There are 2 protein chains.
Amino acid sequence: MGATLQTIADALGVSRSTVSNAYSRPDQLSPELRSRILDTARRLGYAGPNPNARSLRSGKVGAIGVLLTANLSLAFSDPCTVAFLRGLAAAAERRETSLLLIPLPKDPEAAQRVVRGAVVDAFCVYFVPDWCGVLEVISSRGLPVVGGEDPELIGPDQFHVGIDERAAAREVGTHIANLGHRRVAILGHWLVGNRTSGIIQVDAPEDLPYFVTRERILGYREALAAADVPWSDVLLVNVAGSHRAEGELAAGFALDRGDRATAIIATSDVLALGAIQALAARGLRAGRDVSVTGFDDIPEAAAVGLTTIRQSSEDRGRLAGEVLLDPPTDPDRRCRVLPTTLVVRATTGPAPGL
Amino acid sequence: MGATLQTIADALGVSRSTVSNAYSRPDQLSPELRSRILDTARRLGYAGPNPNARSLRSGKVGAIGVLLTANLSLAFSDPCTVAFLRGLAAAAERRETSLLLIPLPKDPEAAQRVVRGAVVDAFCVYFVPDWCGVLEVISSRGLPVVGGEDPELIGPDQFHVGIDERAAAREVGTHIANLGHRRVAILGHWLVGNRTSGIIQVDAPEDLPYFVTRERILGYREALAAADVPWSDVLLVNVAGSHRAEGELAAGFALDRGDRATAIIATSDVLALGAIQALAARGLRAGRDVSVTGFDDIPEAAAVGLTTIRQSSEDRGRLAGEVLLDPPTDPDRRCRVLPTTLVVRATTGPAPGL
DNA sequence: CAGCGCTTCTGTATCGATACAGTACTGGCT
DNA sequence: AGCCAGTACTGTATCGATACAGAAGCGCTG
């Protein structure tokens, strides 16, 4: 405490630069002097170069800022997000880089302030609403950024690592349509802002605020439309969070009505698992009475036999980290699209009555 | 890029301080001037005060450094760690504080260097071996720290949030002993450094490097000794990681021998679940042929009927965050011990032949 | 012995902001 | 008029390091 490079320098009668070199560039001074300096530093209770000062001068911090869903603590409840972080962490630790998990306030202005003030070298944007303007802040700071979202936003310092959300969703929609389902409900997480769960009407899905959800919805719509299921016939249920309990609740809206849906398409596995619970609670069986699909293929999906889209969030995270830490020079490689597969399991089957 | 406070100040003919105030202390200048400044800043592509410089001068960063297990990516595989982070994140986001997840290199010297260089206001130490010396580095930096580990290390800026590991383990040991088990195997994660999984002999468990594991082992030993099960009769299996597969493998060492253990005590639920798998693979049933216990009470434990110690890692994380963000002045409250309960379920039963 | 290259160390400028003391001006009160 | 308080802004010192150019010392060569 209180001791700085100068303190040590004075104590030994050497220059401040030399003491700095003792820490950061050992090759610039003789081993004896270096060890004398380090000894003195220890004796004086000097903890080594102040990280703040160092990063101010050198312009490097050694940290990647991670922007997750509005609610940081919620992110840790979502298996996909955790897998993504696992991959990101794997890439980061190989380079002695830290991850700064930044909670984004709901208020856009506060969110921008937080992003402006984050002490990082680069950003990784995972599931952030379009409207909050953090991408603009990042680019005005001139920091590199990798997003899993809109691939259009690619600039010289902007990278993209993701999947073809829409195409994957289209596969799901086609699968459901091919099975003959015509009364379809879609459970979408965070379709709209902070509203509570419930049936909503979205005439123009292309305006939805969250990129991922929007693209998936558009994919479902395209596939259903191609099979002559008009969008106006599709029941859209907004889900306030990607939690199982929310999924169960939301599925209720689709099940407890006269013209019960014969298929429930969920934008995530977690929601789908909730929907299956809702079915069970009503004495219905997934795959026979009502078909259910998810998205992500989390480990539990296999256990339950959930039809879903397989993607590797861990790979996604790892690749995102690698792209930031080793920016590809080739512009074509600034945008990486990872593969997905439709995994058909037991929770989907022909529409009843066919 | 390149624009600083001075750039804006020059452009408007005001002083640098005033521009700074426009951002950080709006009450110090007239609203008109402020908005003129902000406009100009926007026009010149100024992204707002440089976070590095700001934190150098003000001495604050707005981030808590989190030191997890050697392997950061591994930490995201462990449900307990994730729950801990969830709690910590909940506390942090309430105060607009970020979490800096710091991968600790295995080499102690490198680990210390990393901790010395982390740009944070405080540290949270979660599962770090005693020997690596990071606590000393933290205290020499004069930063507050909260640990889930050794409660002895409490100083003016050091806090503790944890459970009574040893007492909880004692409960498990007593439970097992009361059921009449005398051939006991213990699966311990990271009993020793980076060794591979296998049977080891530890005459002096009090020297084990990881606090949590050490305390649990000591608790088991005390309880077993009290029931006249000598320590030398206990089979100790080192597990290289808290993974289910590792647990299954490690349990094999206890099962595939002449004097098969009748009880397997695992230092975590994840390992215990692996052990149960190992039993199943050998046609044995947990609770009848071999008793199995875990530690933590992760969600899956209830599903499987695992006897275990219940603790709330999420509460632990949240409390750790709160303690750092609102340091208690009362010295007695610098050390918080959270409650645990022994939850007896189906995987433990009387020793066969009794 | 001048000249060269090498190692080792020094000194100054700089990174980009905030803290704090101080100045100028305004207006109200006695 | 004189004084005080308050607002709005300025100016300098400072936070603690690193970058980079340069100097000193030293051995070697021609």
# chains A, B, ... in the order shown; residues from 1 in each chain; ligands from 1
>>> interface_residues(of="chain B", to="chain A", cutoff="8 Å", atoms="only C-alpha atoms", output="ChimeraX atom specification")
/B:1,45-53,55-56,61,71-77,82-83,85-90,92-93,96-105,114,116-119,137,140-142
>>> residues_around(residues="A:Gly162", least_positions_apart="3", cutoff="10 Å", atoms="only C-alpha atoms (C1' of nucleotides)", output="list in words")
Tyr126, Val146, Gly147, Gly148, Glu149, Asp150, Pro151, Phe159, Glu165, Val212, Gln311, Ser312, Ser313, Asp315, Arg316, Gly317, Leu319, Ala320, Cys335, Arg336, Val337, Leu338 and Pro339 of chain A
>>> write_last_selection(atoms="C-alpha atoms", output="PDB file, in the first residue's frame")
ATOM      1  CA  TYR A 126     -24.373 -12.991 -26.409  1.00  0.00           C
ATOM      2  CA  VAL A 146     -17.898 -10.732 -31.520  1.00  0.00           C
ATOM      3  CA  GLY A 147     -21.601 -11.361 -31.608  1.00  0.00           C
ATOM      4  CA  GLY A 148     -23.746 -14.407 -31.893  1.00  0.00           C
ATOM      5  CA  GLU A 149     -26.412 -12.291 -33.343  1.00  0.00           C
ATOM      6  CA  ASP A 150     -27.043 -10.289 -36.421  1.00  0.00           C
ATOM      7  CA  PRO A 151     -24.376 -11.255 -38.978  1.00  0.00           C
ATOM      8  CA  PHE A 159     -16.985 -10.586 -35.857  1.00  0.00           C
ATOM      9  CA  GLU A 165     -31.050 -19.497 -36.690  1.00  0.00           C
ATOM     10  CA  VAL A 212     -32.258 -14.869 -31.920  1.00  0.00           C
ATOM     11  CA  GLN A 311     -26.164 -26.932 -31.735  1.00  0.00           C
ATOM     12  CA  SER A 312     -23.025 -26.753 -29.658  1.00  0.00           C
ATOM     13  CA  SER A 313     -23.085 -23.679 -27.487  1.00  0.00           C
ATOM     14  CA  ASP A 315     -18.155 -24.659 -29.586  1.00  0.00           C
ATOM     15  CA  ARG A 316     -19.796 -21.366 -30.214  1.00  0.00           C
ATOM     16  CA  GLY A 317     -18.272 -19.888 -27.104  1.00  0.00           C
ATOM     17  CA  LEU A 319     -14.883 -20.048 -31.370  1.00  0.00           C
ATOM     18  CA  ALA A 320     -16.040 -16.631 -30.239  1.00  0.00           C
ATOM     19  CA  CYS A 335     -18.322 -14.441 -39.969  1.00  0.00           C
ATOM     20  CA  ARG A 336     -18.490 -18.033 -38.858  1.00  0.00           C
ATOM     21  CA  VAL A 337     -21.633 -20.092 -39.137  1.00  0.00           C
ATOM     22  CA  LEU A 338     -21.672 -23.297 -37.107  1.00  0.00           C
ATOM     23  CA  PRO A 339     -23.691 -26.332 -38.129  1.00  0.00           C
TER      24      PRO A 339
END
>>> interface_residues(of="chain D", to="chain A", cutoff="6 Å", atoms="only C-alpha atoms (C1' of nucleotides)", output="list of chain:residue names")
D:DG16, D:DA17, D:DT18
>>> write_last_selection(atoms="N, CA and C atoms (P, O5', C5', C4', C3', O3' and C1' of nucleotides)", output="mmCIF file, in the first residue's frame")
data_model
loop_
_atom_site.group_PDB
_atom_site.id
_atom_site.type_symbol
_atom_site.label_atom_id
_atom_site.label_comp_id
_atom_site.auth_asym_id
_atom_site.auth_seq_id
_atom_site.Cartn_x
_atom_site.Cartn_y
_atom_site.Cartn_z
ATOM 1 P P DG D 16 -0.773 6.026 -6.680
ATOM 2 O "O5'" DG D 16 -0.032 5.229 -7.835
ATOM 3 C "C5'" DG D 16 -0.713 4.169 -8.472
ATOM 4 C "C4'" DG D 16 0.058 3.781 -9.699
ATOM 5 C "C3'" DG D 16 1.536 3.491 -9.449
ATOM 6 O "O3'" DG D 16 1.828 2.230 -9.995
ATOM 7 C "C1'" DG D 16 1.271 4.880 -11.312
ATOM 8 P P DA D 17 3.215 1.527 -9.748
ATOM 9 O "O5'" DA D 17 3.894 1.572 -11.187
ATOM 10 C "C5'" DA D 17 3.624 0.544 -12.098
ATOM 11 C "C4'" DA D 17 3.093 1.089 -13.420
ATOM 12 C "C3'" DA D 17 4.044 0.919 -14.585
ATOM 13 O "O3'" DA D 17 3.795 -0.349 -15.163
ATOM 14 C "C1'" DA D 17 2.938 3.049 -14.619
ATOM 15 P P DT D 18 4.958 -1.038 -15.984
ATOM 16 O "O5'" DT D 18 4.869 -0.295 -17.381
ATOM 17 C "C5'" DT D 18 3.714 -0.467 -18.182
ATOM 18 C "C4'" DT D 18 3.883 0.329 -19.453
ATOM 19 C "C3'" DT D 18 5.039 -0.129 -20.343
ATOM 20 O "O3'" DT D 18 4.564 -0.017 -21.673
ATOM 21 C "C1'" DT D 18 5.337 2.128 -19.786
#
>>> interface_residues(of="chain C", to="chain B", cutoff="10 Å", atoms="only C-alpha atoms (C1' of nucleotides)", output="list in words")
DC15, DG16, DA17, DT18 and DA19 of chain C
>>> write_last_selection(atoms="all heavy atoms", output="mmCIF file, in the first residue's frame")
data_model
loop_
_atom_site.group_PDB
_atom_site.id
_atom_site.type_symbol
_atom_site.label_atom_id
_atom_site.label_comp_id
_atom_site.auth_asym_id
_atom_site.auth_seq_id
_atom_site.Cartn_x
_atom_site.Cartn_y
_atom_site.Cartn_z
ATOM 1 P P DC C 15 -0.219 11.045 -25.009
ATOM 2 O OP1 DC C 15 -0.319 11.379 -26.421
ATOM 3 O OP2 DC C 15 -0.657 12.026 -23.997
ATOM 4 O "O5'" DC C 15 -1.044 9.723 -24.736
ATOM 5 C "C5'" DC C 15 -0.457 8.426 -24.684
ATOM 6 C "C4'" DC C 15 -1.166 7.616 -23.625
ATOM 7 O "O4'" DC C 15 -0.402 7.655 -22.408
ATOM 8 C "C3'" DC C 15 -2.532 8.162 -23.247
ATOM 9 O "O3'" DC C 15 -3.524 7.497 -24.009
ATOM 10 C "C2'" DC C 15 -2.666 7.844 -21.763
ATOM 11 C "C1'" DC C 15 -1.262 7.494 -21.318
ATOM 12 N N1 DC C 15 -0.712 8.339 -20.226
ATOM 13 C C2 DC C 15 -0.233 7.731 -19.076
ATOM 14 O O2 DC C 15 -0.292 6.500 -18.973
ATOM 15 N N3 DC C 15 0.277 8.503 -18.090
ATOM 16 C C4 DC C 15 0.321 9.828 -18.238
ATOM 17 N N4 DC C 15 0.851 10.545 -17.254
ATOM 18 C C5 DC C 15 -0.159 10.467 -19.417
ATOM 19 C C6 DC C 15 -0.670 9.686 -20.376
ATOM 20 P P DG C 16 -4.623 8.473 -24.728
ATOM 21 O OP1 DG C 16 -5.365 7.608 -25.658
ATOM 22 O OP2 DG C 16 -3.966 9.699 -25.189
ATOM 23 O "O5'" DG C 16 -5.610 8.894 -23.550
ATOM 24 C "C5'" DG C 16 -6.368 7.895 -22.911
ATOM 25 C "C4'" DG C 16 -6.989 8.489 -21.689
ATOM 26 O "O4'" DG C 16 -5.963 8.870 -20.755
ATOM 27 C "C3'" DG C 16 -7.794 9.767 -21.946
ATOM 28 O "O3'" DG C 16 -9.062 9.598 -21.369
ATOM 29 C "C2'" DG C 16 -7.006 10.844 -21.234
ATOM 30 C "C1'" DG C 16 -6.360 10.053 -20.120
ATOM 31 N N9 DG C 16 -5.186 10.680 -19.549
ATOM 32 C C8 DG C 16 -4.299 11.507 -20.160
ATOM 33 N N7 DG C 16 -3.353 11.940 -19.368
ATOM 34 C C5 DG C 16 -3.636 11.341 -18.146
ATOM 35 C C6 DG C 16 -2.965 11.437 -16.897
ATOM 36 O O6 DG C 16 -1.960 12.073 -16.620
ATOM 37 N N1 DG C 16 -3.591 10.671 -15.921
ATOM 38 C C2 DG C 16 -4.723 9.924 -16.118
ATOM 39 N N2 DG C 16 -5.180 9.247 -15.062
ATOM 40 N N3 DG C 16 -5.361 9.828 -17.278
ATOM 41 C C4 DG C 16 -4.771 10.558 -18.243
ATOM 42 P P DA C 17 -10.216 10.643 -21.662
ATOM 43 O OP1 DA C 17 -11.391 9.877 -22.013
ATOM 44 O OP2 DA C 17 -9.717 11.693 -22.548
ATOM 45 O "O5'" DA C 17 -10.401 11.299 -20.217
ATOM 46 C "C5'" DA C 17 -11.229 10.689 -19.292
ATOM 47 C "C4'" DA C 17 -10.527 10.440 -17.974
ATOM 48 O "O4'" DA C 17 -9.143 10.757 -18.102
ATOM 49 C "C3'" DA C 17 -11.013 11.314 -16.826
ATOM 50 O "O3'" DA C 17 -12.101 10.659 -16.205
ATOM 51 C "C2'" DA C 17 -9.795 11.382 -15.917
ATOM 52 C "C1'" DA C 17 -8.618 11.023 -16.818
ATOM 53 N N9 DA C 17 -7.640 12.095 -16.947
ATOM 54 C C8 DA C 17 -7.401 12.866 -18.046
ATOM 55 N N7 DA C 17 -6.433 13.727 -17.899
ATOM 56 C C5 DA C 17 -6.006 13.520 -16.591
ATOM 57 C C6 DA C 17 -5.008 14.107 -15.806
ATOM 58 N N6 DA C 17 -4.208 15.097 -16.261
ATOM 59 N N1 DA C 17 -4.845 13.670 -14.546
ATOM 60 C C2 DA C 17 -5.645 12.696 -14.105
ATOM 61 N N3 DA C 17 -6.608 12.052 -14.750
ATOM 62 C C4 DA C 17 -6.748 12.522 -16.001
ATOM 63 P P DT C 18 -13.143 11.522 -15.375
ATOM 64 O OP1 DT C 18 -14.306 10.656 -15.162
ATOM 65 O OP2 DT C 18 -13.287 12.840 -15.992
ATOM 66 O "O5'" DT C 18 -12.389 11.723 -13.980
ATOM 67 C "C5'" DT C 18 -12.128 10.585 -13.177
ATOM 68 C "C4'" DT C 18 -11.432 11.042 -11.923
ATOM 69 O "O4'" DT C 18 -10.228 11.779 -12.260
ATOM 70 C "C3'" DT C 18 -12.247 11.982 -11.035
ATOM 71 O "O3'" DT C 18 -11.949 11.612 -9.701
ATOM 72 C "C2'" DT C 18 -11.712 13.362 -11.402
ATOM 73 C "C1'" DT C 18 -10.243 13.053 -11.646
ATOM 74 N N1 DT C 18 -9.511 13.967 -12.558
ATOM 75 C C2 DT C 18 -8.349 14.532 -12.121
ATOM 76 O O2 DT C 18 -7.895 14.325 -11.002
ATOM 77 N N3 DT C 18 -7.721 15.351 -13.037
ATOM 78 C C4 DT C 18 -8.131 15.642 -14.316
ATOM 79 O O4 DT C 18 -7.482 16.378 -15.028
ATOM 80 C C5 DT C 18 -9.368 15.005 -14.720
ATOM 81 C C7 DT C 18 -9.902 15.251 -16.073
ATOM 82 C C6 DT C 18 -9.996 14.215 -13.834
ATOM 83 P P DA C 19 -12.844 12.125 -8.536
ATOM 84 O OP1 DA C 19 -13.152 10.942 -7.704
ATOM 85 O OP2 DA C 19 -13.933 12.979 -9.040
ATOM 86 O "O5'" DA C 19 -11.805 13.050 -7.736
ATOM 87 C "C5'" DA C 19 -10.529 12.543 -7.421
ATOM 88 C "C4'" DA C 19 -9.770 13.548 -6.584
ATOM 89 O "O4'" DA C 19 -9.058 14.467 -7.454
ATOM 90 C "C3'" DA C 19 -10.612 14.416 -5.669
ATOM 91 O "O3'" DA C 19 -9.866 14.643 -4.480
ATOM 92 C "C2'" DA C 19 -10.805 15.715 -6.474
ATOM 93 C "C1'" DA C 19 -9.490 15.791 -7.254
ATOM 94 N N9 DA C 19 -9.619 16.389 -8.588
ATOM 95 C C8 DA C 19 -10.598 16.147 -9.501
ATOM 96 N N7 DA C 19 -10.451 16.794 -10.640
ATOM 97 C C5 DA C 19 -9.279 17.515 -10.454
ATOM 98 C C6 DA C 19 -8.575 18.407 -11.293
ATOM 99 N N6 DA C 19 -8.970 18.721 -12.522
ATOM 100 N N1 DA C 19 -7.450 18.953 -10.802
ATOM 101 C C2 DA C 19 -7.056 18.625 -9.557
ATOM 102 N N3 DA C 19 -7.637 17.799 -8.683
ATOM 103 C C4 DA C 19 -8.759 17.278 -9.202
#
>>> atom_distance(atom1="atom CA of A:Ile176", atom2="atom CA of A:Val128")
29.0 Å
>>> closest_residue(among="B:Ala266, B:Ala240, B:Val344, B:Ala177", to="B:Asp228", atoms="only C-alpha atoms")
B:Ala177
>>> residues_around(residues="A:Gly198", least_positions_apart="4", cutoff="10 Å", atoms="only C-alpha atoms (C1' of nucleotides)", output="PyMOL selection string")
chain A and resi 187+236-240+249-254
>>> select_by_dssp(residues="stretch 162-230 of chain A", states="strand (DSSP E or B)", output="PDB file with N, CA and C atoms, in the first residue's frame")
ATOM      1  N   GLY A 162     -21.985 -17.781 -35.029  1.00  0.00           N
ATOM      2  CA  GLY A 162     -23.335 -18.185 -34.676  1.00  0.00           C
ATOM      3  C   GLY A 162     -23.817 -19.311 -35.549  1.00  0.00           C
ATOM      4  N   ILE A 163     -25.115 -19.487 -35.536  1.00  0.00           N
ATOM      5  CA  ILE A 163     -25.696 -20.507 -36.388  1.00  0.00           C
ATOM      6  C   ILE A 163     -26.691 -19.827 -37.309  1.00  0.00           C
ATOM      7  N   VAL A 184     -50.974 -24.952 -34.499  1.00  0.00           N
ATOM      8  CA  VAL A 184     -49.627 -24.885 -33.920  1.00  0.00           C
ATOM      9  C   VAL A 184     -49.525 -23.702 -32.956  1.00  0.00           C
ATOM     10  N   ALA A 185     -48.881 -23.957 -31.827  1.00  0.00           N
ATOM     11  CA  ALA A 185     -48.567 -22.849 -30.902  1.00  0.00           C
ATOM     12  C   ALA A 185     -47.058 -22.712 -30.812  1.00  0.00           C
ATOM     13  N   ILE A 186     -46.611 -21.475 -30.722  1.00  0.00           N
ATOM     14  CA  ILE A 186     -45.175 -21.224 -30.566  1.00  0.00           C
ATOM     15  C   ILE A 186     -44.935 -20.541 -29.228  1.00  0.00           C
ATOM     16  N   LEU A 187     -44.048 -21.118 -28.427  1.00  0.00           N
ATOM     17  CA  LEU A 187     -43.638 -20.466 -27.183  1.00  0.00           C
ATOM     18  C   LEU A 187     -42.305 -19.781 -27.437  1.00  0.00           C
ATOM     19  N   GLY A 188     -42.296 -18.456 -27.323  1.00  0.00           N
ATOM     20  CA  GLY A 188     -41.066 -17.721 -27.609  1.00  0.00           C
ATOM     21  C   GLY A 188     -40.577 -16.969 -26.385  1.00  0.00           C
ATOM     22  N   HIS A 189     -39.303 -17.165 -26.066  1.00  0.00           N
ATOM     23  CA  HIS A 189     -38.788 -16.458 -24.888  1.00  0.00           C
ATOM     24  C   HIS A 189     -38.413 -15.033 -25.257  1.00  0.00           C
ATOM     25  N   GLY A 198     -47.829 -14.770 -21.800  1.00  0.00           N
ATOM     26  CA  GLY A 198     -49.218 -14.766 -22.249  1.00  0.00           C
ATOM     27  C   GLY A 198     -49.322 -14.746 -23.757  1.00  0.00           C
ATOM     28  N   ILE A 199     -50.533 -14.965 -24.244  1.00  0.00           N
ATOM     29  CA  ILE A 199     -50.757 -14.962 -25.681  1.00  0.00           C
ATOM     30  C   ILE A 199     -50.600 -13.558 -26.224  1.00  0.00           C
ATOM     31  N   ILE A 200     -49.863 -13.417 -27.292  1.00  0.00           N
ATOM     32  CA  ILE A 200     -49.736 -12.103 -27.906  1.00  0.00           C
ATOM     33  C   ILE A 200     -49.962 -12.246 -29.396  1.00  0.00           C
TER      34      ILE A 200
END
>>> residues_around(residues="D:DT7", least_positions_apart="6", cutoff="9 Å", atoms="only C-alpha atoms (C1' of nucleotides)", output="number ranges by chain")
B: 28-30; C: 25-26
>>> atom_distance(atom1="atom CA of B:His175", atom2="atom CA of B:Pro299")
21.6 Å
>>> atom_distance(atom1="atom C1' of C:DA13", atom2="atom CA of A:Thr7")
20.3 Å
